[in-house]
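Colleague: One structure, pasted below without further comment.
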Amino acid sequence: MYNTEVIKIKDSLIKDKAIDKIAETTAIKKAAQHLLNNEVVAFPTETVYGLGANALEKQAVSKIFEAKGRPSDNPLIAHISDKKQLPVLIEGDVTGVAEILINEFWPGPLTLIFNKSMRMPQVTTAGLNTVAVRMPSHPVALALISKVNLPLAAPSANSSGFPSPTRAQHVYNDLNGKIPLIVDGGICNIGVESTVVEIEENIVNILRPGGITRRMINEVIGDSYQVKIADTAEVNRPKSPGMKYKHYAPRTPLWIFKNENNLQELLNDYNINNRETLVILSSETLNTVDKNTIKTDLKNMGTINNLEYIAQNLFNLLREADQKSYELVLIEEVPNRDIGEAVMNRLKKAAVKII
Ligand code: TXA
Ligand code: MG
């Protein structure tokens, strides 16, 4: 058991992207000390909070799996702050489309799969011959990684299976007592995890849709490459082993409802038009419902014209739904485009039913 400490970094330093100043704060100094002692530390990234440890130390990385209750066959992403840290992690040079993607999207929410170096311990990559690497753009993450000057293995800092944390409080709720320190850097502004891609000859295969969208990738790589989202067969193989597990799920059962259906009729058909049900819906759908006949609690997720906002708040909404004792949470599907692809991917993994 740890006496978990939470230390906040000033918003103004984060807003100013003052990486050098952030690196000199007590929070980062303490975090770096823990990491050098092979301990784990939670820190913010632009996507979600990560639970970091020295990616090159077996003993440190094992503590991540332990704190999260994560299955040992689910590999971790190594986080770097400078391209100079790549050679120790990967085998061979970065060329072709990988180089284009790195130049365009790093630092940022894109994770690339490479052949791993001999130096990477098996525990980090869960025995795979490949390693996932990303360079986050959050100034606190960059300050921490450059301070310790080590690649940090970091999964999302939630208990395995639960919605990813987008606030320090979410991390605390899941991991209090299990880790020594949470660096509080405010709310993560993307809100869903990084896009994980694997490159096969002229195909960019999206193993997990995320913060960098398919459209953004398409726009930079040109016609000689094809972008696709890995299909279910591949997921089951599985290529990105984490995808086979149930994920992101609140404790309360979650159903997705299709917006081609009439909400009022669905609630009556399924006999769930009552106070024990929470309905999370778009502002567009909210405007169409008759609040006198709908008896469920209603929660506005925002307009479908701002999918970034919906993504940013998604995990917080799922976590909030758990705070009240609902028997059921219904959430409206969102358009499967842009970052909506990542939102729908997470919702489908979290949901027990689609109606
Ligand atoms: O935005 C993010 O990526 C966050 C922040 C903290 O950086 N991290 C994150 O890590 O989401 P995690 O562990 O929750 O998800 C990592 C995903 C899993 O689906 C895992 O299976 C996949 O990346 N992955 C890791 N290494 C891989 C590899 N060598 N080959 C294929 N998939 C891999
Ligand atoms: Mg995760």
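Just so we're on the same page: first chain in the structure tokens is A, next is B, and so on; residues restart at 1 for each chain, and ligands are numbered from 1 in the order they show up.
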Give me, as a ChimeraX atom specification, all polymer residues having an atom no more than 6 Å from segment 82-90 of chain A, counting only C-alpha atoms and skipping those fewer than 3 positions away in the same chain.
Modeller: /A:115-117
Colleague: Pick out the residues no farther than 7 Å from ligand 2, counting only C-alpha atoms and all ligand atoms, and list them as a list in words.
Modeller: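 Final answer, ordered by chain and number: Pro155, Ser156 and Ser164 of chain A.
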Colleague: Using the selection just defined, write its residues with N, CA and C atoms as a PDB file, in the first residue's frame.
Modeller:
ATOM      1  N   PRO A 155       0.406   2.603 -19.884  1.00  0.00           N
ATOM      2  CA  PRO A 155      -0.969   2.378 -20.311  1.00  0.00           C
ATOM      3  C   PRO A 155      -1.828   3.485 -19.709  1.00  0.00           C
ATOM      4  N   SER A 156      -3.092   3.517 -20.055  1.00  0.00           N
ATOM      5  CA  SER A 156      -4.007   4.448 -19.401  1.00  0.00           C
ATOM      6  C   SER A 156      -4.047   4.114 -17.904  1.00  0.00           C
ATOM      7  N   SER A 164     -11.075   4.978 -19.321  1.00  0.00           N
ATOM      8  CA  SER A 164      -9.780   5.628 -19.127  1.00  0.00           C
ATOM      9  C   SER A 164      -9.958   6.933 -18.360  1.00  0.00           C
TER      10      SER A 164
END
Colleague: Can you check which residues of segment 52-166 of chain A DSSP gives as alpha helix (DSSP H) on the backbone and send them as JSON, numbers by chain?
Modeller: {"A": [58, 59, 60, 61, 62, 63, 64, 65, 66, 67, 68, 86, 87, 88, 89, 96, 97, 98, 99, 100, 101, 102, 103, 104, 105, 122, 123, 124, 125, 139, 140, 141, 142, 143, 144, 145, 146, 147, 148]}
Colleague: Would you mind listing, for every residue of chain A within 8 Å of ligand 1, the two atoms forming the shortest contact and the distance between them in Å to one decimal, using only C-alpha atoms and all ligand atoms, sorted by chain and ascending residue number, as a Markdown table?
Modeller:
| residue | atom | partner | partner_atom_place_in_ligand_line | distance |
| --- | --- | --- | --- | --- |
| A:Pro44 | CA | ligand 1 | 6 (C) | 7.5 |
| A:Thr45 | CA | ligand 1 | 5 (C) | 6.1 |
| A:Glu46 | CA | ligand 1 | 1 (O) | 7.5 |
| A:Thr47 | CA | ligand 1 | 1 (O) | 4.8 |
| A:Val48 | CA | ligand 1 | 5 (C) | 5.4 |
| A:Tyr49 | CA | ligand 1 | 6 (C) | 5.2 |
| A:Gly50 | CA | ligand 1 | 6 (C) | 3.5 |
| A:Leu51 | CA | ligand 1 | 6 (C) | 6.7 |
| A:Asn74 | CA | ligand 1 | 21 (O) | 5.2 |
| A:Pro75 | CA | ligand 1 | 26 (N) | 4.3 |
| A:Leu76 | CA | ligand 1 | 25 (C) | 4.5 |
| A:Ile77 | CA | ligand 1 | 25 (C) | 5.0 |
| A:His79 | CA | ligand 1 | 7 (O) | 7.1 |
| A:Pro109 | CA | ligand 1 | 1 (O) | 6.0 |
| A:Leu110 | CA | ligand 1 | 3 (O) | 7.5 |
| A:Thr111 | CA | ligand 1 | 3 (O) | 6.7 |
| A:Ile113 | CA | ligand 1 | 29 (N) | 5.8 |
| A:Phe114 | CA | ligand 1 | 29 (N) | 7.3 |
| A:Thr125 | CA | ligand 1 | 29 (N) | 5.7 |
| A:Ala126 | CA | ligand 1 | 26 (N) | 7.9 |
| A:Leu128 | CA | ligand 1 | 29 (N) | 6.0 |
| A:Asn129 | CA | ligand 1 | 29 (N) | 7.1 |
| A:Thr130 | CA | ligand 1 | 29 (N) | 4.3 |
| A:Val131 | CA | ligand 1 | 29 (N) | 4.0 |
| A:Ala132 | CA | ligand 1 | 26 (N) | 4.4 |
| A:Val133 | CA | ligand 1 | 26 (N) | 7.9 |
| A:Arg134 | CA | ligand 1 | 7 (O) | 7.3 |
| A:Pro136 | CA | ligand 1 | 7 (O) | 6.7 |
| A:Ala154 | CA | ligand 1 | 6 (C) | 5.5 |
| A:Pro155 | CA | ligand 1 | 13 (O) | 3.3 |
| A:Ser156 | CA | ligand 1 | 14 (O) | 4.2 |
| A:Ala157 | CA | ligand 1 | 6 (C) | 6.9 |
| A:Ser164 | CA | ligand 1 | 14 (O) | 7.6 |
| A:Val192 | CA | ligand 1 | 1 (O) | 6.7 |
| A:Glu193 | CA | ligand 1 | 1 (O) | 3.4 |
| A:Ser194 | CA | ligand 1 | 1 (O) | 3.7 |
| A:Thr195 | CA | ligand 1 | 3 (O) | 6.9 |
| A:Val196 | CA | ligand 1 | 23 (O) | 6.1 |
| A:Glu198 | CA | ligand 1 | 31 (C) | 7.5 |
| A:Leu207 | CA | ligand 1 | 32 (N) | 7.0 |
| A:Arg208 | CA | ligand 1 | 19 (O) | 6.7 |
| A:Gly210 | CA | ligand 1 | 1 (O) | 7.7 |
| A:Gly211 | CA | ligand 1 | 1 (O) | 7.7 |
| A:Lys239 | CA | ligand 1 | 31 (C) | 5.3 |
| A:Ser240 | CA | ligand 1 | 32 (N) | 3.4 |
| A:Pro241 | CA | ligand 1 | 21 (O) | 4.1 |
| A:Gly242 | CA | ligand 1 | 21 (O) | 3.3 |
| A:Met243 | CA | ligand 1 | 19 (O) | 5.1 |
Colleague: Find the distance between atom CA of Thr277 of chain A and atom CA of Ala321 of chain A and write it in Å to one decimal.
Modeller: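 About the pair atom CA of Thr277 of chain A and atom CA of Ala321 of chain A: they are 9.9 Å apart.
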Colleague: Could you give me, as a PDB file with N, CA and C atoms, in the first residue's frame, the residues within 8 Å of Val227 of chain A, counting only C-alpha atoms and dropping anything in the same chain fewer than 4 positions from it?
Modeller:
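Printed below is around-v3.pdb as written:
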ATOM      1  N   ILE A 203       0.244  -0.293 -46.773  1.00  0.00           N
ATOM      2  CA  ILE A 203      -1.013  -0.159 -46.022  1.00  0.00           C
ATOM      3  C   ILE A 203      -0.745   0.399 -44.629  1.00  0.00           C
ATOM      4  N   VAL A 204      -1.505   1.424 -44.257  1.00  0.00           N
ATOM      5  CA  VAL A 204      -1.473   1.928 -42.889  1.00  0.00           C
ATOM      6  C   VAL A 204      -2.692   1.324 -42.198  1.00  0.00           C
ATOM      7  N   ASN A 205      -2.411   0.411 -41.299  1.00  0.00           N
ATOM      8  CA  ASN A 205      -3.486  -0.348 -40.665  1.00  0.00           C
ATOM      9  C   ASN A 205      -3.782   0.241 -39.288  1.00  0.00           C
ATOM     10  N   ILE A 206      -4.964   0.794 -39.115  1.00  0.00           N
ATOM     11  CA  ILE A 206      -5.309   1.395 -37.822  1.00  0.00           C
ATOM     12  C   ILE A 206      -5.816   0.296 -36.888  1.00  0.00           C
ATOM     13  N   ARG A 214      -8.577   8.893 -39.163  1.00  0.00           N
ATOM     14  CA  ARG A 214      -8.294   8.281 -40.451  1.00  0.00           C
ATOM     15  C   ARG A 214      -8.175   9.373 -41.534  1.00  0.00           C
ATOM     16  N   ILE A 217      -4.849  11.140 -41.345  1.00  0.00           N
ATOM     17  CA  ILE A 217      -3.767  10.304 -41.883  1.00  0.00           C
ATOM     18  C   ILE A 217      -3.838  10.299 -43.410  1.00  0.00           C
ATOM     19  N   ASN A 218      -5.048  10.099 -43.930  1.00  0.00           N
ATOM     20  CA  ASN A 218      -5.242  10.109 -45.384  1.00  0.00           C
ATOM     21  C   ASN A 218      -4.721  11.374 -46.030  1.00  0.00           C
TER      22      ASN A 218
END
Colleague: As number ranges by chain, please: the residues near Val40 of chain A (cut-off 12 Å, only C-alpha atoms, same-chain neighbours under 5 positions excluded).
Modeller: A: 2, 4, 30-35, 50-55, 57, 59-68, 152-155, 157, 175, 178-183
Colleague: Restricting the calculation to only C-alpha atoms, which member of A:Arg275, A:Lys228, A:Arg215, A:His247 is positioned closest to Asp338 of chain A?
Modeller: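 Checking each candidate against Asp338 of chain A, we get A:Arg215 as the closest.
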Colleague: Just checking: using only C-alpha atoms, which residue out of A:Gly222, A:Gly69, A:Pro165, A:Gly185 ends up closest to Glu320 of chain A?
Modeller: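 The answer is A:Pro165, which sits nearest to Glu320 of chain A.
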Colleague: Nearest to Asn313 of chain A: which of A:Asn292, A:Thr25, A:Asn189, A:Asn158 is it, counting only C-alpha atoms?
Modeller: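 The closest residue to Asn313 of chain A is A:Asn189.
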